[in-house]
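**Student:** Structure file protein_27.csv (CSV, C-alpha atoms and all ligand atoms) is given on the next line.
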chain,number,residue,atom,x,y,z
U,1,MET,CA,-22.0,-13.9,25.7
U,2,THR,CA,-19.0,-15.6,24.0
U,3,THR,CA,-16.3,-17.1,26.2
U,4,THR,CA,-14.0,-18.1,23.4
U,5,PRO,CA,-10.9,-15.9,23.4
U,6,ALA,CA,-10.6,-13.5,20.5
U,7,ASP,CA,-8.1,-14.4,17.7
U,8,LEU,CA,-5.0,-12.2,18.1
U,9,TYR,CA,-3.5,-10.0,15.3
U,10,CYS,CA,-1.2,-7.0,15.4
U,11,VAL,CA,0.8,-4.5,13.4
U,12,MET,CA,4.5,-4.5,14.0
U,13,GLY,CA,6.6,-1.5,13.3
U,14,ASN,CA,9.0,1.1,14.6
U,15,PRO,CA,7.5,3.6,15.1
U,16,VAL,CA,4.0,2.2,15.4
U,17,ALA,CA,2.1,4.5,17.7
U,18,HIS,CA,0.7,6.5,14.8
U,19,SER,CA,-0.8,3.4,13.1
U,20,ARG,CA,-4.5,3.5,12.3
U,21,SER,CA,-4.6,-0.2,11.6
U,22,PRO,CA,-6.0,-1.2,15.0
U,23,ALA,CA,-9.0,1.1,14.6
U,24,ILE,CA,-9.7,0.0,11.1
U,25,HIS,CA,-9.5,-3.7,11.9
U,26,ALA,CA,-11.6,-3.2,15.1
U,27,ARG,CA,-14.3,-1.6,12.9
U,28,PHE,CA,-14.0,-4.4,10.3
U,29,ALA,CA,-14.5,-7.0,13.0
U,30,GLU,CA,-17.5,-5.2,14.4
U,31,LEU,CA,-19.2,-4.9,11.0
U,32,THR,CA,-18.5,-8.6,10.1
U,33,GLY,CA,-19.1,-10.1,13.5
U,34,GLN,CA,-15.5,-11.5,13.6
U,35,HIS,CA,-14.1,-12.1,17.1
U,36,ILE,CA,-10.6,-10.7,16.9
U,37,ARG,CA,-8.2,-8.5,18.9
U,38,TYR,CA,-5.8,-6.4,17.0
U,39,GLU,CA,-2.9,-4.6,18.8
U,40,ARG,CA,0.2,-2.4,18.1
U,41,ARG,CA,3.6,-4.0,18.7
U,42,LEU,CA,6.7,-1.7,18.8
U,43,ILE,CA,9.5,-3.9,17.7
U,44,PRO,CA,13.2,-3.1,18.3
U,45,LEU,CA,15.0,-2.1,15.1
U,46,ASP,CA,17.2,-5.2,15.3
U,47,GLY,CA,14.5,-7.5,16.6
U,48,PHE,CA,12.0,-8.2,13.8
U,49,ALA,CA,12.5,-12.0,13.4
U,50,GLU,CA,12.4,-12.4,17.2
U,51,GLY,CA,9.3,-10.2,17.4
U,52,VAL,CA,7.5,-12.4,14.8
U,53,ARG,CA,8.5,-15.6,16.6
U,54,ALA,CA,7.4,-14.3,20.0
U,55,PHE,CA,4.0,-13.1,18.6
U,56,ALA,CA,3.4,-16.5,17.0
U,57,ALA,CA,4.3,-18.3,20.3
U,58,GLU,CA,1.8,-16.0,22.1
U,59,GLY,CA,-0.9,-17.4,19.8
U,60,GLY,CA,-1.0,-14.6,17.2
U,61,ARG,CA,-2.8,-15.7,14.0
U,62,GLY,CA,-1.3,-13.1,11.8
U,63,CYS,CA,0.1,-9.6,11.6
U,64,ASN,CA,0.7,-6.5,9.5
U,65,VAL,CA,4.2,-5.3,9.0
U,66,THR,CA,5.1,-1.6,8.6
U,67,VAL,CA,8.1,0.6,8.4
U,68,PRO,CA,11.0,-0.3,8.5
U,69,PHE,CA,10.5,-4.1,8.5
U,70,LYS,CA,8.6,-4.8,5.2
U,71,PHE,CA,11.8,-5.8,3.4
U,72,GLU,CA,12.8,-8.3,6.2
U,73,VAL,CA,9.7,-10.4,5.7
U,74,PRO,CA,10.7,-12.5,2.6
U,75,ALA,CA,13.8,-13.9,4.4
U,76,LEU,CA,11.7,-15.3,7.3
U,77,ALA,CA,8.5,-16.4,5.6
U,78,SER,CA,7.9,-20.0,4.6
U,79,GLN,CA,5.9,-19.0,1.4
U,80,CYS,CA,5.7,-15.6,-0.4
U,81,SER,CA,3.0,-14.6,-2.8
U,82,GLU,CA,4.0,-13.5,-6.3
U,83,ARG,CA,3.4,-9.9,-5.2
U,84,VAL,CA,6.0,-10.3,-2.4
U,85,HIS,CA,8.5,-11.7,-4.9
U,86,LEU,CA,8.0,-8.8,-7.2
U,87,ALA,CA,8.0,-6.1,-4.5
U,88,GLY,CA,10.8,-7.7,-2.4
U,89,ALA,CA,8.7,-6.7,0.6
U,90,ALA,CA,5.5,-7.8,2.4
U,91,ASN,CA,3.0,-6.1,4.7
U,92,THR,CA,0.8,-9.1,5.8
U,93,LEU,CA,1.8,-12.4,7.5
U,94,VAL,CA,-0.6,-15.3,8.0
U,95,PHE,CA,0.5,-17.8,10.7
U,96,GLN,CA,-0.6,-21.2,9.4
U,97,PRO,CA,-1.8,-24.0,11.8
U,98,ASP,CA,1.3,-26.1,10.8
U,99,GLY,CA,3.6,-23.3,12.1
U,100,SER,CA,4.6,-22.0,8.6
U,101,ILE,CA,4.3,-18.4,7.7
U,102,HIS,CA,2.7,-17.1,4.5
U,103,ALA,CA,3.6,-13.6,3.4
U,104,ASP,CA,1.6,-11.3,1.1
U,105,ASN,CA,1.7,-7.7,0.1
U,106,THR,CA,-1.7,-6.1,0.0
U,107,ASP,CA,-0.5,-2.5,-0.5
U,108,GLY,CA,-0.8,-2.5,-4.3
U,109,LEU,CA,-4.2,-4.3,-4.1
U,110,GLY,CA,-5.3,-1.6,-1.8
U,111,LEU,CA,-4.2,1.2,-4.1
U,112,VAL,CA,-5.8,-0.4,-7.1
U,113,ALA,CA,-9.1,-1.0,-5.2
U,114,ASP,CA,-9.2,2.6,-4.0
U,115,ILE,CA,-8.5,4.0,-7.5
U,116,THR,CA,-10.9,1.8,-9.3
U,117,ARG,CA,-13.7,1.1,-6.8
U,118,ASN,CA,-13.7,4.1,-4.5
U,119,ALA,CA,-12.5,6.9,-6.9
U,120,GLY,CA,-14.2,5.2,-9.9
U,121,VAL,CA,-11.2,5.6,-12.2
U,122,SER,CA,-10.5,2.7,-14.6
U,123,LEU,CA,-6.9,1.5,-14.9
U,124,GLN,CA,-7.7,-0.6,-17.9
U,125,GLY,CA,-5.5,0.8,-20.7
U,126,ALA,CA,-4.5,3.8,-18.6
U,127,ARG,CA,-1.3,5.9,-18.9
U,128,VAL,CA,0.1,6.0,-15.4
U,129,LEU,CA,3.0,8.0,-14.0
U,130,LEU,CA,4.5,6.4,-10.8
U,131,VAL,CA,6.7,9.0,-9.0
U,132,GLY,CA,9.3,7.4,-6.8
U,133,ALA,CA,11.2,4.1,-7.0
U,134,GLY,CA,11.6,3.1,-3.3
U,135,GLY,CA,9.7,0.5,-1.3
U,136,ALA,CA,6.3,2.2,-1.7
U,137,ALA,CA,6.6,2.2,-5.5
U,138,ALA,CA,7.9,-1.3,-5.7
U,139,GLY,CA,4.9,-2.5,-3.6
U,140,VAL,CA,2.3,-1.2,-6.1
U,141,LEU,CA,3.9,-1.7,-9.5
U,142,GLY,CA,2.8,-5.4,-10.0
U,143,PRO,CA,-0.8,-4.8,-9.0
U,144,LEU,CA,-0.9,-1.7,-11.4
U,145,LEU,CA,0.2,-4.0,-14.2
U,146,HIS,CA,-2.3,-6.7,-13.2
U,147,ALA,CA,-5.0,-4.0,-13.2
U,148,GLY,CA,-4.5,-3.4,-16.9
U,149,ALA,CA,-2.5,-0.1,-16.9
U,150,GLN,CA,-1.1,0.0,-20.4
U,151,HIS,CA,1.7,2.5,-20.2
U,152,ILE,CA,3.5,3.0,-16.9
U,153,THR,CA,6.3,5.5,-16.5
U,154,ILE,CA,8.4,5.4,-13.4
U,155,ALA,CA,10.1,8.8,-12.6
U,156,ASN,CA,12.7,9.0,-9.9
U,157,ARG,CA,15.4,11.4,-8.7
U,158,THR,CA,17.8,8.5,-8.8
U,159,VAL,CA,17.0,7.1,-12.3
U,160,ALA,CA,19.0,3.8,-11.7
U,161,LYS,CA,16.4,2.8,-9.1
U,162,ALA,CA,13.5,3.4,-11.6
U,163,GLN,CA,15.4,1.3,-14.1
U,164,ALA,CA,15.9,-1.5,-11.6
U,165,LEU,CA,12.1,-1.5,-11.0
U,166,VAL,CA,11.5,-1.7,-14.8
U,167,ALA,CA,13.9,-4.6,-15.0
U,168,SER,CA,12.4,-6.6,-12.2
U,169,HIS,CA,8.9,-6.1,-13.6
U,170,SER,CA,9.6,-6.5,-17.3
U,171,ALA,CA,8.4,-10.1,-17.6
U,172,LEU,CA,5.1,-9.2,-16.0
U,173,ALA,CA,4.8,-6.1,-18.2
U,174,SER,CA,5.2,-8.1,-21.4
U,175,LEU,CA,2.8,-10.7,-20.2
U,176,GLN,CA,0.3,-7.9,-19.7
U,177,LYS,CA,1.3,-6.3,-23.0
U,178,ALA,CA,2.1,-3.1,-21.1
U,179,GLU,CA,4.8,-0.6,-21.7
U,180,LEU,CA,7.1,0.1,-18.8
U,181,LYS,CA,9.6,2.9,-18.8
U,182,ALA,CA,12.0,4.7,-16.5
U,183,PHE,CA,12.8,8.4,-16.6
U,184,ALA,CA,14.4,11.2,-14.7
U,185,PRO,CA,11.7,13.6,-13.4
U,186,GLN,CA,13.0,16.5,-15.6
U,187,VAL,CA,12.4,14.7,-19.0
U,188,LEU,CA,8.9,13.5,-18.6
U,189,GLU,CA,6.2,13.4,-21.3
U,190,ALA,CA,2.8,14.9,-20.5
U,191,ASN,CA,-0.7,13.6,-20.6
U,192,PHE,CA,-1.1,10.9,-18.0
U,193,ASP,CA,-4.4,9.6,-16.8
U,194,VAL,CA,-3.2,8.8,-13.3
U,195,ILE,CA,-0.2,10.3,-11.4
U,196,ILE,CA,0.8,8.5,-8.3
U,197,ASN,CA,3.2,10.0,-5.8
U,198,ALA,CA,5.1,7.2,-4.0
U,199,THR,CA,7.8,9.5,-2.6
U,200,ALA,CA,7.9,11.2,0.8
U,201,SER,CA,8.5,14.6,-0.8
U,202,SER,CA,5.6,16.4,1.0
U,203,LEU,CA,6.7,14.9,4.3
U,204,VAL,CA,10.2,16.4,4.0
U,205,GLY,CA,8.8,19.8,2.8
U,206,ALA,CA,10.3,19.3,-0.6
U,207,ASP,CA,8.7,20.5,-3.9
U,208,VAL,CA,6.7,17.9,-5.8
U,209,PRO,CA,9.4,16.1,-7.7
U,210,VAL,CA,7.9,16.2,-11.2
U,211,PRO,CA,6.9,19.2,-13.5
U,212,ALA,CA,3.2,20.2,-13.6
U,213,CYS,CA,3.1,19.3,-17.3
U,214,VAL,CA,2.4,15.7,-16.3
U,215,LEU,CA,-1.0,16.8,-15.1
U,216,ARG,CA,-4.0,17.6,-17.3
U,217,PRO,CA,-7.5,18.7,-16.3
U,218,GLY,CA,-9.4,15.7,-14.9
U,219,SER,CA,-6.4,13.4,-14.4
U,220,LEU,CA,-6.3,11.7,-11.1
U,221,ALA,CA,-3.4,12.8,-8.9
U,222,TYR,CA,-2.9,10.3,-6.1
U,223,ASP,CA,-0.6,10.6,-3.1
U,224,MET,CA,0.0,7.3,-1.3
U,225,MET,CA,0.3,9.3,2.0
U,226,TYR,CA,-2.6,10.9,3.8
U,227,GLY,CA,-3.1,13.8,6.3
U,228,PRO,CA,-0.5,16.6,6.4
U,229,ALA,CA,2.1,14.5,4.6
U,230,ALA,CA,0.1,14.5,1.4
U,231,GLN,CA,-1.1,18.1,1.5
U,232,GLY,CA,1.7,19.7,-0.6
U,233,PHE,CA,1.1,17.3,-3.5
U,234,LEU,CA,-2.7,17.5,-3.3
U,235,ASP,CA,-2.6,21.4,-3.3
U,236,TRP,CA,-0.2,21.3,-6.3
U,237,ALA,CA,-2.5,18.9,-8.2
U,238,GLN,CA,-5.6,21.0,-7.5
U,239,ARG,CA,-3.8,24.2,-8.6
U,240,HIS,CA,-3.2,22.5,-12.0
U,241,GLY,CA,-6.7,21.2,-12.6
U,242,ALA,CA,-6.1,17.6,-11.6
U,243,VAL,CA,-8.4,15.6,-9.3
U,244,PRO,CA,-6.4,15.2,-6.0
U,245,ARG,CA,-6.8,12.1,-3.8
U,246,ASP,CA,-4.9,11.0,-0.7
U,247,GLY,CA,-3.9,7.5,0.4
U,248,LEU,CA,-6.5,7.1,3.2
U,249,GLY,CA,-8.5,4.8,0.9
U,250,MET,CA,-5.4,2.8,0.1
U,251,LEU,CA,-4.8,2.3,3.8
U,252,VAL,CA,-8.3,1.1,4.4
U,253,GLU,CA,-8.3,-1.2,1.3
U,254,GLN,CA,-4.9,-2.8,2.0
U,255,ALA,CA,-6.3,-3.5,5.5
U,256,ALA,CA,-9.4,-5.0,4.0
U,257,GLU,CA,-7.3,-7.4,1.8
U,258,ALA,CA,-5.4,-8.5,4.9
U,259,PHE,CA,-8.6,-9.0,6.8
U,260,ALA,CA,-10.0,-11.1,4.0
U,261,LEU,CA,-6.8,-13.2,3.9
U,262,TRP,CA,-7.0,-13.9,7.7
U,263,ARG,CA,-10.7,-14.3,8.2
U,264,GLY,CA,-12.0,-15.4,4.7
U,265,VAL,CA,-14.6,-12.5,5.0
U,266,ARG,CA,-14.5,-9.3,3.0
U,267,PRO,CA,-15.3,-6.3,5.2
U,268,PRO,CA,-17.3,-3.3,4.0
U,269,SER,CA,-14.2,-1.2,3.3
U,270,ALA,CA,-16.0,1.6,1.4
U,271,GLN,CA,-18.3,2.2,4.4
U,272,VAL,CA,-15.3,2.3,6.8
U,273,LEU,CA,-13.4,4.7,4.5
U,274,HIS,CA,-16.5,6.9,4.4
U,275,GLU,CA,-16.7,6.9,8.2
U,276,MET,CA,-13.0,7.9,8.5
U,277,GLN,CA,-13.4,10.7,5.9
U,278,GLN,CA,-16.4,12.0,7.8
U,279,ALA,CA,-14.5,11.9,11.1
U,280,ALA,CA,-11.4,13.7,9.7
P,301,LIG,P1,9.6,4.2,0.8
P,301,LIG,O1,9.7,2.8,1.3
P,301,LIG,O2,8.6,5.0,1.6
P,301,LIG,O3,9.3,4.2,-0.7
P,301,LIG,P2,12.3,4.8,0.3
P,301,LIG,O4,12.5,3.4,-0.2
P,301,LIG,O5,13.3,5.4,1.1
P,301,LIG,O6,11.0,4.9,1.1
P,301,LIG,O7,12.0,5.7,-1.0
P,301,LIG,C1,11.8,7.0,-1.0
P,301,LIG,C2,11.4,7.5,-2.4
P,301,LIG,O8,11.2,8.9,-2.3
P,301,LIG,C3,12.6,7.4,-3.4
P,301,LIG,O9,12.0,7.2,-4.7
P,301,LIG,C4,13.3,8.7,-3.2
P,301,LIG,O10,14.1,9.1,-4.3
P,301,LIG,P3,15.6,8.5,-4.5
P,301,LIG,O11,15.5,7.1,-4.9
P,301,LIG,O12,16.2,9.4,-5.5
P,301,LIG,O13,16.2,8.7,-3.1
P,301,LIG,C5,12.1,9.6,-3.1
P,301,LIG,N1,12.4,10.9,-2.5
P,301,LIG,C6,12.5,11.1,-1.1
P,301,LIG,N2,12.7,12.5,-0.9
P,301,LIG,C7,12.7,13.1,-2.1
P,301,LIG,C8,12.8,14.4,-2.6
P,301,LIG,N3,13.0,15.4,-1.7
P,301,LIG,N4,12.7,14.7,-3.9
P,301,LIG,C9,12.5,13.7,-4.8
P,301,LIG,N5,12.4,12.4,-4.4
P,301,LIG,C10,12.5,12.1,-3.1
Can the structure from this file be put into structure tokens for me?
**Tutor:**
Amino acid sequence: MTTTPADLYCVMGNPVAHSRSPAIHARFAELTGQHIRYERRLIPLDGFAEGVRAFAAEGGRGCNVTVPFKFEVPALASQCSERVHLAGAANTLVFQPDGSIHADNTDGLGLVADITRNAGVSLQGARVLLVGAGGAAAGVLGPLLHAGAQHITIANRTVAKAQALVASHSALASLQKAELKAFAPQVLEANFDVIINATASSLVGADVPVPACVLRPGSLAYDMMYGPAAQGFLDWAQRHGAVPRDGLGMLVEQAAEAFALWRGVRPPSAQVLHEMQQAA
């Protein structure tokens, strides 16, 4: 029996009670034999920096960051990955032995892994429609470009926000020889291979914010939410012949990327996703 205390991790958010990260990381640890403890930490809305300091002082080795604190991370991290610079937000902190804090954003890596590995849809050369231009969209655009998507259209109710995302990612897009465009949802072209909903439209009971002509039979229609929050979008996609997929796989895969950063071990994420889908 081991007597060494478990390495401590957590997810910080407000609210955070709904987070499935503790269960996912506990299962990863079990399957990889890693000795960790992963908790939820409810952080006061004006207390993120203090919460991070207190957790590090308690011996925490790293944490995930969720709503509404992801945008506060770059200001307090010692180093940020390119993904964090591009997204302006981070979801994973690594507390280094020298006291510095490394920030990364594994959301987009998780989305790409779920689309390509779990759903088996290649993004190489793909035509992608990204619906939304808030934090969720910003977090995945860089990894979509790195994954080889060749045409990415960002559609958002507030077009200026889509244009700002195009501007902040234009250097990467030209490096990847990809075309990046911003549109209002009403004036979209058709025929996308992958449509990604990065808005909270279903959650607020609103209609899907793009016309059905963006879908074609067999295209992948992906909602970054899961559970009831994704249902409106998934039903709409299915009615129009597309292949619907919710964001549960993205959740598991972004957790797997964080786990690998912390522990240097890649957990069997596809197995854990399968278990969660069976349990749902
Ligand atoms: P998140 O961090 O989850 O992305 P956010 O930054 O508030 O949250 O962004 C929410 C996104 O959902 C935005 O793209 C928003 O559109 P606007 O930029 O025009 O506000 C989009 N959104 C939210 N509710 C919507 C609705 N009812 N119809 C269309 N788009 C909606």
**Student:** Tell me, as a PyMOL selection string, which residues lie within 7 Å of stretch 111-113 of chain U, counting all atoms listed in the file; anything in the same chain fewer than 2 positions away does not count.
**Tutor:** chain U and resi 107-109+115-118+143-144+250+253
**Student:** Check which residues fall inside 9 Å of ligand LIG 301 (chain P) when counting all atoms listed in the file, and print them as a PyMOL selection string.
**Tutor:** chain U and resi 67-68+70+131-139+155-162+185+197-210
**Student:** Of the residues U:Ala26, U:Ala149, U:Ile43, U:Ile196, which is the one nearest to U:Ser122, using all atoms listed in the file?
**Tutor:**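 Of all the options, U:Ala149 lies closest to U:Ser122.
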**Student:** Got a sec: who's within 10 Å of U:Phe69, counting all atoms listed in the file, leaving out chain neighbours fewer than 3 positions off, as a VMD selection string?
**Tutor:** chain U and resid 12 to 14 43 45 to 49 65 to 66 72 to 73 89 to 91
**Student:** Mind writing the picked residues with C-alpha atoms as an mmCIF file, keeping the file's coordinate frame?
**Tutor:**
data_model
loop_
_atom_site.group_PDB
_atom_site.id
_atom_site.type_symbol
_atom_site.label_atom_id
_atom_site.label_comp_id
_atom_site.auth_asym_id
_atom_site.auth_seq_id
_atom_site.Cartn_x
_atom_site.Cartn_y
_atom_site.Cartn_z
ATOM 1 C CA MET U 12 4.500 -4.500 14.000
ATOM 2 C CA GLY U 13 6.600 -1.500 13.300
ATOM 3 C CA ASN U 14 9.000 1.100 14.600
ATOM 4 C CA ILE U 43 9.500 -3.900 17.700
ATOM 5 C CA LEU U 45 15.000 -2.100 15.100
ATOM 6 C CA ASP U 46 17.200 -5.200 15.300
ATOM 7 C CA GLY U 47 14.500 -7.500 16.600
ATOM 8 C CA PHE U 48 12.000 -8.200 13.800
ATOM 9 C CA ALA U 49 12.500 -12.000 13.400
ATOM 10 C CA VAL U 65 4.200 -5.300 9.000
ATOM 11 C CA THR U 66 5.100 -1.600 8.600
ATOM 12 C CA GLU U 72 12.800 -8.300 6.200
ATOM 13 C CA VAL U 73 9.700 -10.400 5.700
ATOM 14 C CA ALA U 89 8.700 -6.700 0.600
ATOM 15 C CA ALA U 90 5.500 -7.800 2.400
ATOM 16 C CA ASN U 91 3.000 -6.100 4.700
#
**Student:** Find the nearest atom pair between each residue of stretch 48-100 of chain U and stretch 34-40 of chain U for residues within 10 Å, count all atoms listed in the file, give distances in Å to one decimal, sort rows by chain and ascending number, and present the table as CSV.
**Tutor:**
residue,atom,partner,partner_atom,distance
U:Gly60,CA,U:Tyr38,CA,9.5
U:Arg61,CA,U:Ile36,CA,9.7
U:Gly62,CA,U:Tyr38,CA,9.6
U:Cys63,CA,U:Tyr38,CA,8.6
U:Asn64,CA,U:Arg40,CA,9.5
**Student:** So that I can check the surroundings of stretch 235-244 of chain U, please list as an MDAnalysis selection string every protein, DNA and RNA residue that reaches within 8 Å of it, counting all atoms listed in the file and ignoring chain neighbours fewer than 2 positions away.
**Tutor:** chainID U and resid 208 212 215:223 231:233 246
**Student:** Name the residues within 8 Å of (5.3, 4.8, -19.6), counting all atoms listed in the file in the file's coordinates, and put them as a PyMOL selection string.
**Tutor:** chain U and resi 127-129+151-154+179-182
**Student:** Here is a test: counting only C-alpha atoms, which residue of U:His274, U:His18, U:His146, U:Lys177 is nearest to U:Leu248?
**Tutor:**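 Closest to U:Leu248, using only C-alpha atoms: U:His274.
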**Student:** Can you tell me, as a PyMOL selection string, what residues are no more than 8 Å from U:Val272 when counting only C-alpha atoms, ignoring any on the same chain fewer than 2 positions away?
**Tutor:** chain U and resi 24+27-28+252+268-270+274-276
**Student:** Using all atoms listed in the file, pick whichever of U:Asp7, U:Gly120, U:Leu251, U:Phe95 has the shortest atom-to-atom distance to U:Ala23.
**Tutor:**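 Of the candidates, the smallest distance to U:Ala23 is held by U:Leu251.
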**Student:** Of the candidates U:Leu273, U:Val94, U:Ala77, U:Ala178, which one gets nearest to U:Gly249 if we count all atoms listed in the file?
**Tutor:**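 Checking each of U:Leu273, U:Val94, U:Ala77, U:Ala178 against U:Gly249, counting all atoms listed in the file, the winner is U:Leu273.
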**Student:** Rank U:Ala164, U:Leu141, U:Gln176, U:Val214 by their smallest atom-to-atom distance to U:Leu188, using only C-alpha atoms, and report the top residue only.
**Tutor:** U:Val214
**Student:** Which residue is closest to U:Ala167? Choose from U:Ala126, U:Val194, U:Leu86, U:Gln96 and count only C-alpha atoms.
**Tutor:**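 Of U:Ala126, U:Val194, U:Leu86, U:Gln96, the one nearest U:Ala167 is U:Leu86, counting only C-alpha atoms.
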**Student:** What separation in Å, quoted to one decimal, exists between atom CA of U:Thr3 and atom CA of U:Glu58?
**Tutor:**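 Those two atoms sit 18.6 Å apart.
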**Student:** Report the distance between atom CA of U:Tyr226 and atom CA of U:Pro44 in Å, rounded to one decimal place.
**Tutor:**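 That distance, rounded to one decimal, is 25.6 Å.
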**Student:** Quick one, how far is atom CA of U:Ser100 from atom CA of U:Ala56?
**Tutor:**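 Separation between atom CA of U:Ser100 and atom CA of U:Ala56: 10.1 Å.
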